[in-house]
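entry_25.tsv follows; it contains TSV, C-alpha atoms.
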```tsv
chain	number	residue	atom	x	y	z
N	1496	MET	CA	0.00	0.00	0.00
N	1497	LEU	CA	1.11	3.52	-0.76
N	1498	ILE	CA	-1.20	5.20	1.77
N	1499	ARG	CA	-0.86	3.72	5.26
N	1500	ASN	CA	-3.24	5.93	7.27
N	1501	TYR	CA	-5.38	9.02	6.97
N	1502	GLY	CA	-7.42	11.58	8.83
N	1503	HIS	CA	-10.57	12.95	7.25
N	1504	PHE	CA	-12.16	16.33	8.00
N	1505	TRP	CA	-10.09	17.28	11.04
N	1506	LEU	CA	-10.94	20.61	12.63
N	1507	ARG	CA	-8.28	23.29	12.29
N	1508	SER	CA	-9.29	24.98	15.54
N	1509	ALA	CA	-8.66	21.74	17.47
N	1510	VAL	CA	-4.97	21.57	16.45
N	1511	VAL	CA	-2.41	22.59	19.08
N	1512	TRP	CA	-0.48	25.18	17.05
N	1513	GLY	CA	1.94	26.32	19.77
N	1514	SER	CA	3.75	29.62	19.83
N	1515	GLY	CA	7.44	28.79	19.32
N	1516	ALA	CA	9.27	27.31	16.37
N	1517	LYS	CA	8.73	23.69	17.46
N	1518	ASP	CA	5.71	23.90	19.74
N	1519	GLY	CA	2.43	22.30	18.78
N	1520	HIS	CA	1.43	19.00	17.24
N	1521	ILE	CA	-1.21	17.03	15.39
N	1522	ARG	CA	-2.47	13.92	17.15
N	1523	GLY	CA	-4.96	11.22	16.33
N	1524	VAL	CA	-6.32	7.94	17.61
N	1525	MET	CA	-7.28	4.86	15.61
N	1526	LYS	CA	-10.92	4.96	14.58
N	1527	ASN	CA	-11.85	1.69	16.24
N	1528	ALA	CA	-9.29	1.51	19.05
N	1529	ARG	CA	-9.29	4.97	20.67
N	1530	ASN	CA	-6.71	3.85	23.22
N	1531	SER	CA	-3.44	5.66	22.53
N	1532	THR	CA	-2.56	8.76	20.59
N	1533	VAL	CA	-0.24	8.99	17.61
N	1534	THR	CA	1.60	12.18	16.67
N	1535	PHE	CA	1.43	12.84	12.92
N	1536	ASP	CA	3.66	15.95	12.79
N	1537	ASP	CA	6.24	14.36	10.49
N	1538	GLN	CA	3.77	12.45	8.34
N	1539	GLN	CA	4.53	12.38	4.61
N	1540	GLY	CA	1.81	12.40	1.98
N	1541	VAL	CA	-0.86	14.72	0.65
N	1542	TYR	CA	-3.44	16.94	2.30
N	1543	ALA	CA	-6.44	19.10	1.45
N	1544	LEU	CA	-7.74	22.24	3.14
N	1545	TYR	CA	-11.46	23.04	3.20
N	1546	ASP	CA	-13.45	26.15	4.01
N	1547	ASP	CA	-16.32	26.15	6.50
N	1548	ARG	CA	-18.68	24.80	3.80
N	1549	TYR	CA	-16.32	21.83	3.13
N	1550	ASP	CA	-15.29	23.18	-0.27
N	1551	VAL	CA	-11.68	22.37	-1.18
N	1552	VAL	CA	-9.55	25.53	-1.14
N	1553	TYR	CA	-6.03	24.06	-1.28
N	1554	VAL	CA	-4.25	20.76	-1.95
N	1555	GLY	CA	-0.60	20.13	-1.09
N	1556	GLN	CA	2.05	17.59	-0.21
N	1557	ALA	CA	4.10	17.10	2.93
N	1558	GLY	CA	7.41	15.48	3.80
N	1559	THR	CA	8.94	14.99	0.37
N	1560	GLY	CA	12.24	16.44	-0.83
N	1561	ASN	CA	12.58	19.93	0.61
N	1562	VAL	CA	8.97	20.00	1.80
N	1563	ASP	CA	8.33	19.88	5.56
N	1564	GLY	CA	6.22	17.26	7.32
N	1565	LEU	CA	2.45	17.57	7.73
N	1566	PHE	CA	2.41	19.77	10.85
N	1567	ALA	CA	4.95	22.25	9.45
N	1568	ARG	CA	3.05	22.54	6.16
N	1569	LEU	CA	-0.28	23.10	7.91
N	1570	ARG	CA	1.34	25.60	10.25
N	1571	VAL	CA	2.53	27.63	7.25
N	1572	HIS	CA	-1.06	27.77	5.98
N	1573	HIS	CA	-2.26	28.61	9.49
N	1574	ARG	CA	-0.19	31.82	9.26
N	1575	ASN	CA	0.05	32.74	5.56
N	1576	GLU	CA	-2.27	34.51	3.10
N	1577	ILE	CA	-4.79	31.64	3.03
N	1578	ALA	CA	-5.06	31.45	6.83
N	1579	ARG	CA	-8.58	32.91	6.88
N	1580	ARG	CA	-9.84	30.67	4.12
N	1581	TRP	CA	-9.76	27.20	5.71
N	1582	ALA	CA	-11.42	25.54	8.69
N	1583	TRP	CA	-10.94	21.79	8.08
N	1584	PHE	CA	-8.26	19.53	6.65
N	1585	SER	CA	-7.83	15.93	5.51
N	1586	TRP	CA	-4.53	14.11	5.16
N	1587	PHE	CA	-3.37	10.86	3.58
N	1588	GLY	CA	-0.04	9.54	4.86
N	1589	THR	CA	2.61	7.19	3.48
N	1590	LEU	CA	4.39	6.53	6.80
N	1591	ALA	CA	3.07	3.59	8.80
N	1592	VAL	CA	2.49	3.59	12.55
N	1593	ASN	CA	4.53	0.96	14.41
N	1594	ALA	CA	3.51	-1.02	17.51
N	1595	HIS	CA	4.89	1.79	19.72
N	1596	GLY	CA	2.63	4.40	18.10
N	1597	GLN	CA	5.43	6.08	16.12
N	1598	LEU	CA	5.71	6.85	12.42
N	1599	HIS	CA	8.17	4.83	10.35
N	1600	ALA	CA	8.99	4.44	6.67
N	1601	ALA	CA	8.63	1.22	4.73
N	1602	SER	CA	11.70	-0.54	3.36
N	1603	ASP	CA	13.21	0.89	0.17
N	1604	ALA	CA	12.69	-2.53	-1.43
N	1605	TRP	CA	8.91	-2.20	-0.96
N	1606	ARG	CA	6.92	-1.56	-4.12
N	1607	PRO	CA	3.14	-1.14	-4.15
N	1608	LYS	CA	1.02	-2.97	-6.71
N	1609	ARG	CA	-0.41	-0.84	-9.50
N	1610	ASN	CA	-4.04	-1.80	-8.71
N	1611	ASP	CA	-3.55	-0.87	-5.04
N	1612	VAL	CA	-2.08	2.51	-5.98
N	1613	LEU	CA	-4.91	3.25	-8.42
N	1614	ASP	CA	-7.52	2.24	-5.81
N	1615	GLN	CA	-5.86	4.57	-3.32
N	1616	PHE	CA	-5.60	7.49	-5.75
N	1617	GLU	CA	-9.30	7.07	-6.48
N	1618	ALA	CA	-10.07	6.85	-2.73
N	1619	ILE	CA	-8.14	10.07	-2.05
N	1620	LEU	CA	-9.91	11.92	-4.85
N	1621	ILE	CA	-13.32	10.70	-3.69
N	1622	ALA	CA	-12.53	11.66	-0.07
N	1623	VAL	CA	-11.28	15.12	-1.01
N	1624	ALA	CA	-13.79	16.05	-3.71
N	1625	ASP	CA	-16.85	14.17	-2.38
N	1626	PRO	CA	-18.38	13.95	-5.88
N	1627	ARG	CA	-22.14	13.67	-5.73
N	1628	LEU	CA	-22.40	10.93	-8.36
N	1629	ASN	CA	-19.96	8.56	-6.63
N	1630	ARG	CA	-22.23	6.24	-4.69
N	1631	GLN	CA	-19.38	3.98	-3.61
N	1632	GLY	CA	-16.75	5.30	-1.24
N	1633	GLY	CA	-13.06	4.93	-1.96
N	1634	ARG	CA	-11.13	1.69	-1.45
N	1635	PHE	CA	-8.00	2.40	0.58
N	1636	GLY	CA	-7.38	-1.29	1.32
N	1637	LYS	CA	-7.30	-3.48	4.40
N	1638	GLY	CA	-3.86	-2.30	5.55
N	1639	VAL	CA	-4.90	1.36	5.77
N	1640	THR	CA	-6.02	2.82	9.09
N	1641	GLN	CA	-8.29	5.81	9.60
N	1642	TYR	CA	-7.41	8.04	12.54
N	1643	LEU	CA	-9.75	10.42	14.32
N	1644	GLN	CA	-8.53	13.77	15.54
N	1645	TYR	CA	-7.42	13.87	19.18
N	1646	THR	CA	-7.94	17.12	21.05
N	1647	GLU	CA	-5.89	18.10	24.08
N	1648	LYS	CA	-8.62	20.25	25.61
N	1649	THR	CA	-11.13	17.46	26.01
N	1650	HIS	CA	-8.82	14.42	25.81
N	1651	SER	CA	-11.24	12.95	23.33
N	1652	THR	CA	-11.64	12.46	19.62
N	1653	GLN	CA	-13.13	15.25	17.60
N	1654	ALA	CA	-16.29	14.44	15.72
N	1655	THR	CA	-15.70	14.56	12.00
N	1656	ARG	CA	-17.89	15.15	8.99
N	1657	GLY	CA	-16.76	11.99	7.14
```

Would you mind writing the file out in structure tokens?
Amino acid sequence: MLIRNYGHFWLRSAVVWGSGAKDGHIRGVMKNARNSTVTFDDQQGVYALYDDRYDVVYVGQAGTGNVDGLFARLRVHHRNEIARRWAWFSWFGTLAVNAHGQLHAASDAWRPKRNDVLDQFEAILIAVADPRLNRQGGRFGKGVTQYLQYTEKTHSTQATRG
């Protein structure tokens, strides 16, 4: 699998942004487990930003080449010229979560199957665009885990739209 985990329609206002250069974080809990939190700050992959009507306003990538991880990319948008234009975000990550709840990369020898990649591309596009004629949801695959947003203030998961 190319995509290992994702978070769908997380609330921007529930993120701990911090005030210093390295303060703040993005945390989630597995959809069905809800037992321990995972920090997704350094997640690699793609993300979408939505306005308060759930319309897509921006799509980007995180953690590749010279591009920062997910938290750093979102933090830029939290402070730049589009800061007032988004309220929600979704992310789709390529780094797996290990048994200790930490992100890790797959082996360099790992190669996803073409059908799995195409299924996941389609699933991402369906999740981001929410096209009204797609009756079937996307197929991420059995090895992909959905995470719900974890909020520090309430020590609970944030309800999501998706």

> If you count all atoms listed in the file, which residues fall within 8 Å of stretch 1611-1628 of chain N, apart from same-chain ones fewer than 2 positions away, as an NGL selection string?
Replying inline: :N and (1496-1498 or 1503 or 1543 or 1551 or 1585 or 1587 or 1607-1609 or 1630 or 1632-1636)

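Every protein, DNA or RNA residue with an atom at most 12 Å from N:His1572, where all atoms listed in the file count and chain neighbours fewer than 4 positions away do not, is listed here: N:Arg1507, N:Trp1512, N:Tyr1542, N:Ala1543, N:Leu1544, N:Tyr1545, N:Val1552, N:Tyr1553, N:Val1554, N:Gly1555, N:Leu1565, N:Phe1566, N:Ala1567, N:Arg1568, N:Glu1576, N:Ile1577, N:Ala1578, N:Arg1579, N:Arg1580, N:Trp1581, N:Ala1582, N:Trp1583, N:Phe1584.
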
> What separation in Å, quoted to one decimal, exists between atom CA of N:Val1524 and atom CA of N:Leu1643?
Replying inline: 5.4 Å

> When you draw a straight line from atom CA of N:Ala1528 to atom CA of N:His1595, how long is it in Å?
Replying inline: 14.2 Å

> atom CA of N:Leu1506 and atom CA of N:Gln1539, how far apart in Å?
Replying inline: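 Rounded to one decimal, the two atoms are 19.3 Å apart.
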
Tell me, as a short mmCIF file (atom, residue, chain, number, x, y, z; two decimals) with C-alpha atoms, in the coordinates of the input, which residues lie within 7 Å of N:Leu1590, counting all atoms listed in the file; anything in the same chain fewer than 4 positions away does not count.
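Heads up, here's the output in out_25.cif:
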```
data_model
loop_
_atom_site.label_atom_id
_atom_site.label_comp_id
_atom_site.auth_asym_id
_atom_site.auth_seq_id
_atom_site.Cartn_x
_atom_site.Cartn_y
_atom_site.Cartn_z
CA ARG N 1499 -0.86 3.72 5.26
CA GLN N 1538 3.77 12.45 8.34
CA GLN N 1539 4.53 12.38 4.61
CA LEU N 1598 5.71 6.85 12.42
CA HIS N 1599 8.17 4.83 10.35
CA ALA N 1600 8.99 4.44 6.67
#
```

>> Given only C-alpha atoms as the basis, pick out the residue of N:Asn1500, N:Thr1534, N:Ser1514, N:Gln1597 nearest to N:Thr1646.
In response: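 Answer, going by the shortest atom-to-atom distance: N:Thr1534.
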
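Residues within 12 Å of N:Asp1563, counting all atoms listed in the file and excluding same-chain residues fewer than 6 positions away, are Asp1536, Asp1537, Gln1538, Gln1539, Gly1540, Val1541, Gly1555, Gln1556, Ala1557, Leu1569, Arg1570 and Val1571 of chain N.
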
Please, could N, CA and C atoms be added to stretch 1536-1566 of chain N and the result written as a PDB file, in the frame of the given file?
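Below you can see out-v9.pdb, which holds the result:
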```pdb
ATOM      1  N   ASP N1536       2.934  14.748  13.214  1.00  0.00           N
ATOM      2  CA  ASP N1536       3.660  15.950  12.790  1.00  0.00           C
ATOM      3  C   ASP N1536       4.544  15.721  11.572  1.00  0.00           C
ATOM      4  N   ASP N1537       5.277  14.628  11.557  1.00  0.00           N
ATOM      5  CA  ASP N1537       6.240  14.360  10.490  1.00  0.00           C
ATOM      6  C   ASP N1537       5.689  13.486   9.378  1.00  0.00           C
ATOM      7  N   GLN N1538       4.379  13.296   9.354  1.00  0.00           N
ATOM      8  CA  GLN N1538       3.770  12.450   8.340  1.00  0.00           C
ATOM      9  C   GLN N1538       4.097  12.977   6.941  1.00  0.00           C
ATOM     10  N   GLN N1539       4.312  12.063   6.015  1.00  0.00           N
ATOM     11  CA  GLN N1539       4.530  12.380   4.610  1.00  0.00           C
ATOM     12  C   GLN N1539       3.293  11.985   3.833  1.00  0.00           C
ATOM     13  N   GLY N1540       2.965  12.737   2.801  1.00  0.00           N
ATOM     14  CA  GLY N1540       1.810  12.400   1.980  1.00  0.00           C
ATOM     15  C   GLY N1540       1.194  13.621   1.353  1.00  0.00           C
ATOM     16  N   VAL N1541      -0.122  13.596   1.230  1.00  0.00           N
ATOM     17  CA  VAL N1541      -0.860  14.720   0.650  1.00  0.00           C
ATOM     18  C   VAL N1541      -1.951  15.158   1.612  1.00  0.00           C
ATOM     19  N   TYR N1542      -2.399  16.398   1.434  1.00  0.00           N
ATOM     20  CA  TYR N1542      -3.440  16.940   2.300  1.00  0.00           C
ATOM     21  C   TYR N1542      -4.319  17.900   1.516  1.00  0.00           C
ATOM     22  N   ALA N1543      -5.507  18.139   2.047  1.00  0.00           N
ATOM     23  CA  ALA N1543      -6.440  19.100   1.450  1.00  0.00           C
ATOM     24  C   ALA N1543      -6.970  20.000   2.551  1.00  0.00           C
ATOM     25  N   LEU N1544      -7.155  21.270   2.222  1.00  0.00           N
ATOM     26  CA  LEU N1544      -7.740  22.240   3.140  1.00  0.00           C
ATOM     27  C   LEU N1544      -9.132  22.603   2.619  1.00  0.00           C
ATOM     28  N   TYR N1545     -10.077  22.745   3.548  1.00  0.00           N
ATOM     29  CA  TYR N1545     -11.460  23.040   3.200  1.00  0.00           C
ATOM     30  C   TYR N1545     -11.930  24.294   3.936  1.00  0.00           C
ATOM     31  N   ASP N1546     -12.848  25.023   3.310  1.00  0.00           N
ATOM     32  CA  ASP N1546     -13.450  26.150   4.010  1.00  0.00           C
ATOM     33  C   ASP N1546     -14.570  25.650   4.920  1.00  0.00           C
ATOM     34  N   ASP N1547     -15.289  26.556   5.542  1.00  0.00           N
ATOM     35  CA  ASP N1547     -16.320  26.150   6.500  1.00  0.00           C
ATOM     36  C   ASP N1547     -17.536  25.501   5.856  1.00  0.00           C
ATOM     37  N   ARG N1548     -17.607  25.501   4.523  1.00  0.00           N
ATOM     38  CA  ARG N1548     -18.680  24.800   3.800  1.00  0.00           C
ATOM     39  C   ARG N1548     -18.183  23.466   3.237  1.00  0.00           C
ATOM     40  N   TYR N1549     -16.958  23.058   3.588  1.00  0.00           N
ATOM     41  CA  TYR N1549     -16.320  21.830   3.130  1.00  0.00           C
ATOM     42  C   TYR N1549     -15.945  21.859   1.655  1.00  0.00           C
ATOM     43  N   ASP N1550     -15.792  23.060   1.095  1.00  0.00           N
ATOM     44  CA  ASP N1550     -15.290  23.180  -0.270  1.00  0.00           C
ATOM     45  C   ASP N1550     -13.767  23.169  -0.213  1.00  0.00           C
ATOM     46  N   VAL N1551     -13.134  22.439  -1.129  1.00  0.00           N
ATOM     47  CA  VAL N1551     -11.680  22.370  -1.180  1.00  0.00           C
ATOM     48  C   VAL N1551     -11.131  23.738  -1.590  1.00  0.00           C
ATOM     49  N   VAL N1552     -10.179  24.258  -0.805  1.00  0.00           N
ATOM     50  CA  VAL N1552      -9.550  25.530  -1.140  1.00  0.00           C
ATOM     51  C   VAL N1552      -8.064  25.384  -1.439  1.00  0.00           C
ATOM     52  N   TYR N1553      -7.464  24.241  -1.059  1.00  0.00           N
ATOM     53  CA  TYR N1553      -6.030  24.060  -1.280  1.00  0.00           C
ATOM     54  C   TYR N1553      -5.700  22.579  -1.171  1.00  0.00           C
ATOM     55  N   VAL N1554      -4.767  22.121  -2.020  1.00  0.00           N
ATOM     56  CA  VAL N1554      -4.250  20.760  -1.950  1.00  0.00           C
ATOM     57  C   VAL N1554      -2.724  20.861  -1.980  1.00  0.00           C
ATOM     58  N   GLY N1555      -2.052  20.077  -1.131  1.00  0.00           N
ATOM     59  CA  GLY N1555      -0.600  20.130  -1.090  1.00  0.00           C
ATOM     60  C   GLY N1555       0.009  18.808  -0.696  1.00  0.00           C
ATOM     61  N   GLN N1556       1.346  18.789  -0.632  1.00  0.00           N
ATOM     62  CA  GLN N1556       2.050  17.590  -0.210  1.00  0.00           C
ATOM     63  C   GLN N1556       2.968  17.932   0.959  1.00  0.00           C
ATOM     64  N   ALA N1557       3.290  16.918   1.723  1.00  0.00           N
ATOM     65  CA  ALA N1557       4.100  17.100   2.930  1.00  0.00           C
ATOM     66  C   ALA N1557       5.180  16.026   3.007  1.00  0.00           C
ATOM     67  N   GLY N1558       6.368  16.436   3.471  1.00  0.00           N
ATOM     68  CA  GLY N1558       7.410  15.480   3.800  1.00  0.00           C
ATOM     69  C   GLY N1558       8.188  14.893   2.648  1.00  0.00           C
ATOM     70  N   THR N1559       8.185  15.517   1.494  1.00  0.00           N
ATOM     71  CA  THR N1559       8.940  14.990   0.370  1.00  0.00           C
ATOM     72  C   THR N1559       9.992  16.002  -0.076  1.00  0.00           C
ATOM     73  N   GLY N1560      11.179  15.538  -0.368  1.00  0.00           N
ATOM     74  CA  GLY N1560      12.240  16.440  -0.830  1.00  0.00           C
ATOM     75  C   GLY N1560      12.510  17.539   0.176  1.00  0.00           C
ATOM     76  N   ASN N1561      12.350  18.771  -0.256  1.00  0.00           N
ATOM     77  CA  ASN N1561      12.580  19.930   0.610  1.00  0.00           C
ATOM     78  C   ASN N1561      11.303  20.391   1.315  1.00  0.00           C
ATOM     79  N   VAL N1562      10.252  19.620   1.206  1.00  0.00           N
ATOM     80  CA  VAL N1562       8.970  20.000   1.800  1.00  0.00           C
ATOM     81  C   VAL N1562       8.889  19.439   3.219  1.00  0.00           C
ATOM     82  N   ASP N1563       8.450  20.277   4.158  1.00  0.00           N
ATOM     83  CA  ASP N1563       8.330  19.880   5.560  1.00  0.00           C
ATOM     84  C   ASP N1563       7.254  18.819   5.749  1.00  0.00           C
ATOM     85  N   GLY N1564       7.245  18.215   6.947  1.00  0.00           N
ATOM     86  CA  GLY N1564       6.220  17.260   7.320  1.00  0.00           C
ATOM     87  C   GLY N1564       4.856  17.918   7.446  1.00  0.00           C
ATOM     88  N   LEU N1565       3.841  17.115   7.715  1.00  0.00           N
ATOM     89  CA  LEU N1565       2.450  17.570   7.730  1.00  0.00           C
ATOM     90  C   LEU N1565       2.216  18.760   8.659  1.00  0.00           C
ATOM     91  N   PHE N1566       2.673  18.669   9.909  1.00  0.00           N
ATOM     92  CA  PHE N1566       2.410  19.770  10.850  1.00  0.00           C
ATOM     93  C   PHE N1566       3.039  21.074  10.368  1.00  0.00           C
TER      94      PHE N1566
END
```
